[in-house]
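model_6.txt, holding compact mmCIF, C-alpha atoms and all ligand atoms:
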# COMPACT_ATOMS: atom_id res chain seq x y z
CA MET A 71 0.00 0.00 0.00
CA GLU A 72 1.21 3.48 -0.86
CA GLN A 73 1.83 6.15 1.80
CA THR A 74 1.78 9.94 1.60
CA PHE A 75 2.75 12.84 3.83
CA ILE A 76 -0.04 15.28 4.63
CA MET A 77 0.37 18.46 6.68
CA ILE A 78 -2.45 20.70 7.88
CA LYS A 79 -0.86 24.14 7.72
CA PRO A 80 -1.16 26.81 10.45
CA ASP A 81 -4.27 28.34 8.87
CA GLY A 82 -6.10 24.99 8.95
CA VAL A 83 -5.23 24.50 12.63
CA GLN A 84 -6.10 28.06 13.63
CA ARG A 85 -9.40 27.92 11.75
CA HIS A 86 -10.39 24.68 13.58
CA LEU A 87 -10.54 22.65 10.38
CA VAL A 88 -8.39 19.75 11.67
CA GLY A 89 -11.38 17.50 12.38
CA ASP A 90 -13.05 18.22 9.06
CA ILE A 91 -9.88 17.55 7.11
CA ILE A 92 -9.07 14.28 8.90
CA LYS A 93 -12.68 13.19 8.46
CA ARG A 94 -12.40 13.53 4.69
CA PHE A 95 -9.37 11.22 4.53
CA GLU A 96 -10.95 8.66 6.85
CA ALA A 97 -14.29 8.73 5.04
CA LYS A 98 -12.60 8.19 1.68
CA GLY A 99 -11.09 4.99 3.06
CA PHE A 100 -7.50 5.90 3.77
CA GLY A 101 -5.73 4.75 6.91
CA LEU A 102 -3.83 6.88 9.38
CA VAL A 103 -0.30 5.62 10.04
CA GLY A 104 1.21 8.59 11.88
CA LEU A 105 -0.02 11.86 13.38
CA LYS A 106 1.50 14.61 15.50
CA MET A 107 1.20 18.31 16.21
CA VAL A 108 4.44 20.16 15.49
CA SER A 109 5.79 23.64 16.17
CA VAL A 110 7.94 23.65 13.08
CA SER A 111 11.54 24.87 13.24
CA ARG A 112 12.83 27.14 10.50
CA GLU A 113 15.32 24.42 9.55
CA LEU A 114 12.58 21.80 9.07
CA ALA A 115 10.36 24.21 7.10
CA GLU A 116 13.27 25.15 4.83
CA LYS A 117 14.12 21.48 4.24
CA HIS A 118 10.49 20.61 3.54
CA TYR A 119 10.15 23.39 0.95
CA ALA A 120 13.76 23.18 -0.34
CA VAL A 121 12.53 22.60 -3.90
CA HIS A 122 11.08 26.13 -3.84
CA LYS A 123 14.07 27.90 -2.29
CA GLU A 124 14.76 30.08 -5.35
CA ARG A 125 11.13 31.18 -5.68
CA PRO A 126 10.07 34.69 -4.60
CA PHE A 127 7.47 33.31 -2.17
CA PHE A 128 9.92 31.00 -0.34
CA SER A 129 10.75 33.17 2.69
CA GLY A 130 7.10 34.17 3.20
CA LEU A 131 6.08 30.52 2.95
CA VAL A 132 8.66 29.43 5.53
CA ASP A 133 7.66 32.29 7.87
CA PHE A 134 4.04 31.20 7.55
CA ILE A 135 4.70 27.50 8.22
CA ILE A 136 6.65 28.29 11.42
CA SER A 137 4.16 30.96 12.60
CA SER A 138 1.83 28.53 14.42
CA PRO A 139 1.60 24.73 14.88
CA VAL A 140 0.84 22.28 12.10
CA ILE A 141 -0.57 18.75 12.06
CA ALA A 142 1.79 16.28 10.38
CA MET A 143 0.31 12.99 9.19
CA VAL A 144 1.05 9.90 7.15
CA TRP A 145 -1.90 8.30 5.34
CA GLU A 146 -1.94 4.94 3.60
CA GLY A 147 -4.05 3.36 0.86
CA LYS A 148 -4.41 2.58 -2.82
CA ASP A 149 -2.92 5.39 -4.94
CA VAL A 150 -3.14 7.59 -1.87
CA ILE A 151 -0.60 10.15 -3.17
CA ALA A 152 -2.65 11.16 -6.21
CA ALA A 153 -5.97 10.62 -4.46
CA ALA A 154 -4.95 12.91 -1.59
CA ARG A 155 -3.99 15.63 -4.08
CA LYS A 156 -7.51 15.31 -5.50
CA LEU A 157 -9.10 15.63 -2.07
CA ILE A 158 -6.87 18.67 -1.45
CA GLY A 159 -7.57 20.46 -4.75
CA ALA A 160 -5.55 22.87 -6.88
CA THR A 161 -2.76 24.93 -5.29
CA ASN A 162 -4.69 28.19 -5.72
CA PRO A 163 -7.87 27.82 -3.63
CA LEU A 164 -9.84 30.07 -5.98
CA ALA A 165 -9.06 27.64 -8.80
CA ALA A 166 -9.70 24.55 -6.66
CA GLU A 167 -12.99 22.77 -7.31
CA PRO A 168 -15.75 23.05 -4.69
CA GLY A 169 -15.78 19.77 -2.78
CA THR A 170 -12.02 19.81 -2.36
CA ILE A 171 -10.43 21.04 0.88
CA ARG A 172 -8.86 24.12 -0.71
CA GLY A 173 -11.94 24.70 -2.89
CA ASP A 174 -14.26 24.60 0.11
CA TYR A 175 -12.22 26.63 2.60
CA GLY A 176 -9.67 28.87 0.92
CA VAL A 177 -9.33 32.02 -1.15
CA ASP A 178 -5.59 32.83 -1.08
CA LEU A 179 -2.59 31.00 -2.55
CA GLY A 180 -0.56 31.74 0.58
CA ARG A 181 -3.31 30.35 2.86
CA ASN A 182 -4.23 27.09 1.18
CA LEU A 183 -4.62 25.05 4.36
CA ILE A 184 -2.86 21.81 3.57
CA HIS A 185 0.14 20.14 1.98
CA GLY A 186 0.22 16.74 0.27
CA SER A 187 3.19 14.94 -1.30
CA ASP A 188 3.16 15.08 -5.10
CA ALA A 189 4.95 11.83 -6.11
CA PRO A 190 6.26 8.56 -4.65
CA GLU A 191 9.84 9.87 -4.24
CA THR A 192 8.77 13.10 -2.52
CA ALA A 193 6.37 11.16 -0.30
CA LYS A 194 9.21 8.94 0.91
CA GLN A 195 11.51 11.93 1.48
CA GLU A 196 8.85 13.91 3.33
CA ILE A 197 7.76 10.99 5.52
CA SER A 198 11.36 10.39 6.62
CA LEU A 199 11.94 14.13 7.12
CA TRP A 200 8.94 14.50 9.44
CA PHE A 201 8.65 11.11 11.16
CA THR A 202 10.96 8.57 12.77
CA ASP A 203 10.29 4.89 12.06
CA GLU A 204 8.99 4.45 15.64
CA GLU A 205 6.38 7.16 15.09
CA LEU A 206 4.81 5.27 12.18
CA VAL A 207 2.37 2.66 13.41
CA ALA A 208 1.79 -0.55 11.48
CA TRP A 209 -1.69 -1.84 12.27
CA GLU A 210 -4.13 -4.22 10.66
CA PRO A 211 -7.21 -2.28 9.60
CA SER A 212 -10.47 -4.22 9.70
CA ARG A 213 -11.83 -1.97 6.94
CA LEU A 214 -9.91 -3.50 4.04
CA THR A 215 -12.39 -6.22 3.08
CA TRP A 216 -15.09 -3.58 2.73
CA LEU A 217 -12.97 -1.11 0.76
CA TYR A 218 -10.99 -3.28 -1.61
CA GLU A 219 -12.05 -6.13 -3.86
P1 LIG B 301 1.25 22.43 -3.73
O1 LIG B 301 1.19 22.74 -2.27
O2 LIG B 301 -0.12 22.40 -4.36
O3 LIG B 301 2.08 21.22 -4.06
P2 LIG B 301 3.50 24.00 -4.75
O4 LIG B 301 3.59 24.59 -6.12
O5 LIG B 301 4.38 22.83 -4.42
O6 LIG B 301 1.97 23.68 -4.45
O7 LIG B 301 3.83 25.19 -3.73
C1 LIG B 301 4.04 24.91 -2.37
C2 LIG B 301 3.29 25.93 -1.54
O8 LIG B 301 3.88 27.20 -1.75
C3 LIG B 301 1.82 26.12 -1.94
O9 LIG B 301 0.98 25.17 -1.31
C4 LIG B 301 1.56 27.52 -1.44
O10 LIG B 301 1.34 27.51 -0.03
C5 LIG B 301 2.88 28.21 -1.69
N1 LIG B 301 2.90 28.91 -2.97
C6 LIG B 301 3.06 28.38 -4.19
N2 LIG B 301 3.06 29.33 -5.15
C7 LIG B 301 2.90 30.50 -4.49
C8 LIG B 301 2.83 31.87 -4.93
O11 LIG B 301 2.90 32.20 -6.11
N3 LIG B 301 2.66 32.79 -3.93
C9 LIG B 301 2.59 32.47 -2.62
N4 LIG B 301 2.66 31.20 -2.19
C10 LIG B 301 2.81 30.23 -3.10
MG MG B 302 4.13 20.85 -3.89

Please lay out the structure from this file as structure tokens.
Ligand code: IDP
Ligand code: MG
Amino acid sequence: MEQTFIMIKPDGVQRHLVGDIIKRFEAKGFGLVGLKMVSVSRELAEKHYAVHKERPFFSGLVDFIISSPVIAMVWEGKDVIAAARKLIGATNPLAAEPGTIRGDYGVDLGRNLIHGSDAPETAKQEISLWFTDEELVAWEPSRLTWLYE
């Protein structure tokens, strides 16, 4: 089963959308493998967004991510990386479809509520950046028979 790294950004936590967001992933049928609240260090935020370090929005993005706690999670399931990106919606919330997290709750590119890994390699990197092996919990979900053929 594939795994992906999902982070509810400071705006999602401050706006009390944590429960709603987690509910969407659970209801879809994905399984939670790791979860923690983090006051992000500048170093971790810069590593997480290293791919964007030459972009004009980089320093504002890092300042935002460290401004207030985030919820870091690992979710598991069939094609969960791409499926999570669909649940999340387009990067710009005004362009994101209604029914997606960003489409339902956001208006600004710099306040788009949530991060999701974009490919298998980045998912692996991000999971190991944010979680130790001991923090990831292997468990046998009883749901599988009713979700997968
Ligand atoms: P993604 O989060 O949908 O994968 P990326 O292009 O990887 O989008 O950008 C990472 C994050 O950087 C976005 O989620 C958003 O918070 C921020 N961002 C991207 N482009 C801009 C911009 O033009 N202005 C301000 N923030 C941006
Ligand atoms: Mg991205």

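For the residues A:Gln195, A:Thr161, A:Asn182, A:Ser212, ranking by smallest atom-to-atom distance to ligand MG 302 (chain B) using all atoms listed in the file places A:Thr161 first.
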
Task: Close residues to ligand LIG 301 (chain B) using all atoms listed in the file, limit 12 Å, as number ranges by chain - done: A: 75-82, 115-116, 118-135, 151-152, 154-163, 165-166, 171-172, 176-189, 192-193

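Straight-line separation from CA of Val110 in chain A to CA of Ile197 in chain A: 14.7 Å.
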
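Using all atoms listed in the file, the smallest distance between any of A:Asp174, A:Glu196, A:Glu146, A:Glu72 and ligand MG 302 (chain B) comes from A:Glu196.
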
re CA of Glu204 in chain A and CA of Leu105 in chain A: distance 11.9 Å

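Of the residues listed (A:Val83, A:Glu167, A:Arg213, A:Trp200), A:Trp200 shows the shortest atom-to-atom separation from Glu113 in chain A; distances use only C-alpha atoms.
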
(request) Name all residues at most 7 Å from Ser109 in chain A (count all atoms listed in the file; drop same-chain ones fewer than 6 positions away) and give them as a PyMOL selection string. (result) chain A and resi 136+138-140

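Relative to CA of Val108 in chain A, CA of Asp203 in chain A is found at 16.7 Å.
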
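Nearest-residue note for Trp145 in chain A: choosing from A:Leu87, A:Ala208, A:Met107, A:Leu164, the minimum distance belongs to A:Ala208, counting all atoms listed in the file.
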
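Nearest residue to Val88 in chain A among A:Val103, A:Ile141, A:Leu214, A:Met71 is A:Ile141, counting all atoms listed in the file.
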
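Each of A:Gln73, A:Lys117, A:Gly89, A:Arg112 was checked against Ser137 in chain A using only C-alpha atoms; the smallest atom-to-atom distance is that of A:Arg112.
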